[in-house]
Amino acid sequence: MNPSTTPPNAPLSAAGLILVGLLALSGWHPYDRATWLMEVAPVMIALPVLVATRQRFPLTTLLYTCIFVHALVLMLGGAYTYARVPLGFALQDLLHLGRNPYDKIGHFFQGFAPVLINREILLRGHHVRGRKMLAFLSVCVVLAISATYEFIEWGAALALGQGADEFLGTQGDPWDTQSDMFFALIGALAALTLLSRLHDRQLQRLIPP
């Protein structure tokens with residue numbers, strides 16, 4: 001690998017430090033400590049993994065950026081709980097909705113960032129050649145992740161009872177699970193439609209043929 005083609009270390013280090021600081025800030029006085037821990041757990045897992053793999057498997061700048069934004073969405077939802085995020089209330093008033101829609105933003109990014117992770121791994125590992133099959137499998141993995149997350153929410157509800165209400169964030173919607181997965185699908189399709197060409201260009205610079 002040509003070192004000149006890898007993303008620079010300084011911006012990545014700065015972004016990592018910013019995320020650590022914001023993570024600490026989001027957990028300073030969260031609305032519900034247990035909910036905060038469950039919501040930001042993916043960030044706590046992803047950060048050490050990204051640091052550990054930075055040298056031997058650096059990602060594209062686009063992917064690091066998407067992961068950074070996704071982490072911000074998760075931490076904000078964890079600090080307030082998804083049903084109480086102020087941005088969601090503003091959108092609720094603006095769009096005349098019957099509930100705070102911030103959790104749908106979270107599930108949108110649950111598809112938006114992971115589909116690019118799937119795409120990058122499949123391409124760089126030479127696991128898939130056809131572009132249509134690449135897109136199909138990338139989206140399938142996103143839906144599998146989304147379904148697994150719903151299983152986790154179900155398990156939390158069974159284990160914690162009413163104490164899991166803040167984590168579930170259903171706000172009385174009987175179709176919340178289905179709409180969560182649908183928004184993850186929308187996020188995945190949006191990322192593939194808008195960013196595939198940019199992603200390809202960055203991959204070519206990261207690993208020249």
# chains A, B, ... in the order shown; residues from 1 in each chain; ligands from 1
call {"tool": "select_by_dssp", "arguments": {"residues": "segment 1-202 of chain A", "states": "helix (DSSP H, G or I)", "output": "JSON, numbers by chain"}}
result
{"A": [3, 4, 5, 9, 10, 11, 12, 13, 14, 15, 16, 17, 18, 19, 20, 21, 22, 23, 24, 25, 26, 33, 34, 35, 36, 37, 38, 39, 40, 41, 42, 43, 44, 45, 46, 47, 48, 49, 50, 51, 52, 53, 61, 62, 63, 64, 65, 66, 67, 68, 69, 70, 71, 72, 73, 74, 75, 76, 77, 78, 79, 80, 82, 83, 84, 86, 87, 88, 89, 90, 91, 92, 93, 94, 95, 102, 103, 104, 105, 106, 107, 108, 109, 110, 111, 112, 113, 114, 115, 116, 117, 118, 119, 120, 121, 122, 123, 124, 131, 132, 133, 134, 135, 136, 137, 138, 139, 140, 141, 142, 143, 144, 145, 146, 147, 148, 149, 150, 151, 152, 153, 154, 155, 156, 157, 158, 159, 160, 161, 162, 163, 164, 165, 166, 167, 168, 176, 177, 178, 179, 180, 181, 182, 183, 184, 185, 186, 187, 188, 189, 190, 191, 192, 193, 194, 195, 196, 197, 198, 199, 200, 201, 202]}
call {"tool": "residues_around", "arguments": {"residues": "segment 176-187 of chain A", "least_positions_apart": "5", "cutoff": "9 Å", "atoms": "only C-alpha atoms", "output": "list in words"}}
result
Asp103, Lys104, Ile105, Gly106, His107, Phe108, Phe109, Gln110, Gly111, Phe112, Ala113, Val115, Val139, Val142, Leu143, Ser146, Ala147, Glu150, Gly169, Thr170, Gln171 and Leu192 of chain A
call {"tool": "residues_around", "arguments": {"residues": "Tyr31 of chain A", "least_positions_apart": "6", "cutoff": "12 Å", "atoms": "only C-alpha atoms", "output": "ChimeraX atom specification"}}
result
/A:37,76-85,166-167
call {"tool": "write_last_selection", "arguments": {"atoms": "N, CA and C atoms", "output": "PDB file, in the first residue's frame"}}
result
ATOM      1  N   LEU A  37     -26.148   4.037  27.993  1.00  0.00           N
ATOM      2  CA  LEU A  37     -25.135   3.007  27.805  1.00  0.00           C
ATOM      3  C   LEU A  37     -25.495   2.099  26.642  1.00  0.00           C
ATOM      4  N   LEU A  76     -26.180  11.698  20.645  1.00  0.00           N
ATOM      5  CA  LEU A  76     -27.245  12.648  20.953  1.00  0.00           C
ATOM      6  C   LEU A  76     -28.503  11.904  21.399  1.00  0.00           C
ATOM      7  N   GLY A  77     -28.820  10.815  20.708  1.00  0.00           N
ATOM      8  CA  GLY A  77     -29.967  10.010  21.109  1.00  0.00           C
ATOM      9  C   GLY A  77     -29.775   9.377  22.474  1.00  0.00           C
ATOM     10  N   GLY A  78     -28.546   8.993  22.779  1.00  0.00           N
ATOM     11  CA  GLY A  78     -28.293   8.404  24.082  1.00  0.00           C
ATOM     12  C   GLY A  78     -28.392   9.406  25.213  1.00  0.00           C
ATOM     13  N   ALA A  79     -27.954  10.642  24.967  1.00  0.00           N
ATOM     14  CA  ALA A  79     -27.969  11.661  26.018  1.00  0.00           C
ATOM     15  C   ALA A  79     -29.387  12.044  26.409  1.00  0.00           C
ATOM     16  N   TYR A  80     -30.268  12.219  25.414  1.00  0.00           N
ATOM     17  CA  TYR A  80     -31.624  12.683  25.690  1.00  0.00           C
ATOM     18  C   TYR A  80     -32.650  11.550  25.734  1.00  0.00           C
ATOM     19  N   THR A  81     -32.332  10.389  25.187  1.00  0.00           N
ATOM     20  CA  THR A  81     -33.219   9.322  24.726  1.00  0.00           C
ATOM     21  C   THR A  81     -33.871   9.824  23.433  1.00  0.00           C
ATOM     22  N   TYR A  82     -34.098   8.918  22.512  1.00  0.00           N
ATOM     23  CA  TYR A  82     -34.522   9.305  21.170  1.00  0.00           C
ATOM     24  C   TYR A  82     -35.850  10.055  21.165  1.00  0.00           C
ATOM     25  N   ALA A  83     -36.727   9.722  22.082  1.00  0.00           N
ATOM     26  CA  ALA A  83     -38.046  10.363  22.097  1.00  0.00           C
ATOM     27  C   ALA A  83     -38.004  11.778  22.641  1.00  0.00           C
ATOM     28  N   ARG A  84     -36.839  12.220  23.176  1.00  0.00           N
ATOM     29  CA  ARG A  84     -36.758  13.535  23.811  1.00  0.00           C
ATOM     30  C   ARG A  84     -35.693  14.451  23.193  1.00  0.00           C
ATOM     31  N   VAL A  85     -35.101  14.064  22.093  1.00  0.00           N
ATOM     32  CA  VAL A  85     -34.070  14.906  21.476  1.00  0.00           C
ATOM     33  C   VAL A  85     -34.707  16.201  20.961  1.00  0.00           C
ATOM     34  N   GLU A 166     -37.564   3.621  27.379  1.00  0.00           N
ATOM     35  CA  GLU A 166     -36.738   4.702  26.841  1.00  0.00           C
ATOM     36  C   GLU A 166     -35.823   4.189  25.738  1.00  0.00           C
ATOM     37  N   PHE A 167     -35.337   2.957  25.896  1.00  0.00           N
ATOM     38  CA  PHE A 167     -34.456   2.370  24.891  1.00  0.00           C
ATOM     39  C   PHE A 167     -35.242   2.010  23.626  1.00  0.00           C
TER      40      PHE A 167
END
call {"tool": "residues_around", "arguments": {"residues": "Ala41 of chain A", "least_positions_apart": "3", "cutoff": "12 Å", "atoms": "only C-alpha atoms", "output": "ChimeraX atom specification"}}
result
/A:23,27,34-38,44-48,71,74-75,77-78,149
call {"tool": "closest_residue", "arguments": {"among": "A:Leu94, A:Ile67, A:Leu12, A:Leu19", "to": "Gln55 of chain A", "atoms": "only C-alpha atoms"}}
result
A:Leu12
call {"tool": "residues_around", "arguments": {"residues": "Leu63 of chain A", "least_positions_apart": "6", "cutoff": "10 Å", "atoms": "only C-alpha atoms", "output": "tab-separated table (two decimals) with all heavy atoms, in the first residue's frame"}}
result
chain	number	residue	atom	x	y	z
A	69	VAL	N	-20.35	10.91	11.70
A	69	VAL	CA	-21.70	11.49	11.78
A	69	VAL	C	-22.65	10.52	12.46
A	69	VAL	O	-23.48	10.92	13.30
A	69	VAL	CB	-22.20	11.87	10.38
A	69	VAL	CG1	-23.65	12.36	10.44
A	69	VAL	CG2	-21.32	12.94	9.77
A	113	ALA	N	-24.52	4.56	6.93
A	113	ALA	CA	-23.09	4.30	7.15
A	113	ALA	C	-22.74	2.82	6.97
A	113	ALA	O	-21.77	2.50	6.27
A	113	ALA	CB	-22.67	4.80	8.52
A	114	PRO	N	-23.47	1.88	7.56
A	114	PRO	CA	-23.10	0.47	7.43
A	114	PRO	C	-23.09	-0.05	6.00
A	114	PRO	O	-22.29	-0.93	5.68
A	114	PRO	CB	-24.15	-0.26	8.28
A	114	PRO	CG	-24.52	0.73	9.32
A	114	PRO	CD	-24.51	2.04	8.60
A	115	VAL	N	-23.95	0.47	5.12
A	115	VAL	CA	-23.95	-0.05	3.75
A	115	VAL	C	-22.62	0.28	3.06
A	115	VAL	O	-22.12	-0.52	2.24
A	115	VAL	CB	-25.15	0.49	2.94
A	115	VAL	CG1	-24.91	1.92	2.46
A	115	VAL	CG2	-25.46	-0.41	1.76
A	116	LEU	N	-22.02	1.41	3.38
A	116	LEU	CA	-20.72	1.76	2.82
A	116	LEU	C	-19.61	0.92	3.43
A	116	LEU	O	-18.63	0.57	2.76
A	116	LEU	CB	-20.44	3.24	3.00
A	116	LEU	CG	-21.39	4.19	2.25
A	116	LEU	CD1	-21.06	5.64	2.57
A	116	LEU	CD2	-21.32	3.95	0.75
A	117	ILE	N	-19.75	0.59	4.71
A	117	ILE	CA	-18.79	-0.33	5.34
A	117	ILE	C	-18.84	-1.68	4.64
A	117	ILE	O	-17.80	-2.26	4.28
A	117	ILE	CB	-19.09	-0.49	6.84
A	117	ILE	CG1	-18.95	0.84	7.57
A	117	ILE	CG2	-18.17	-1.54	7.46
A	117	ILE	CD1	-19.36	0.79	9.03
A	120	GLU	N	-17.31	-1.44	1.15
A	120	GLU	CA	-15.85	-1.33	1.15
A	120	GLU	C	-15.20	-2.67	1.46
A	120	GLU	O	-14.21	-3.06	0.81
A	120	GLU	CB	-15.41	-0.27	2.15
A	120	GLU	CG	-13.93	0.04	2.09
A	120	GLU	CD	-13.61	1.46	2.53
A	120	GLU	OE1	-14.42	2.38	2.29
A	120	GLU	OE2	-12.52	1.65	3.11
A	199	HIS	N	-17.24	7.03	-3.52
A	199	HIS	CA	-16.62	5.92	-2.80
A	199	HIS	C	-15.64	5.18	-3.69
A	199	HIS	O	-14.52	4.84	-3.28
A	199	HIS	CB	-17.71	4.98	-2.29
A	199	HIS	CG	-17.25	4.02	-1.26
A	199	HIS	ND1	-17.84	2.79	-1.05
A	199	HIS	CD2	-16.22	4.09	-0.37
A	199	HIS	CE1	-17.20	2.16	-0.08
A	199	HIS	NE2	-16.23	2.93	0.35
A	202	GLN	N	-12.40	7.20	-4.14
A	202	GLN	CA	-11.54	7.16	-2.97
A	202	GLN	C	-10.90	5.79	-2.78
A	202	GLN	O	-9.75	5.70	-2.33
A	202	GLN	CB	-12.35	7.56	-1.72
A	202	GLN	CG	-12.77	9.02	-1.72
A	202	GLN	CD	-13.20	9.51	-0.36
A	202	GLN	OE1	-13.16	8.79	0.63
A	202	GLN	NE2	-13.64	10.76	-0.30
call {"tool": "closest_residue", "arguments": {"among": "A:Ala14, A:Ala90, A:Arg54, A:Asp32", "to": "Phe68 of chain A", "atoms": "only C-alpha atoms"}}
result
A:Ala14
call {"tool": "atom_distance", "arguments": {"atom1": "atom CA of Val40 of chain A", "atom2": "atom CA of Arg124 of chain A"}}
result
28.3 Å
call {"tool": "atom_distance", "arguments": {"atom1": "atom CA of Phe151 of chain A", "atom2": "atom CA of Glu39 of chain A"}}
result
14.4 Å
call {"tool": "atom_distance", "arguments": {"atom1": "atom CA of His126 of chain A", "atom2": "atom CA of Val51 of chain A"}}
result
23.6 Å
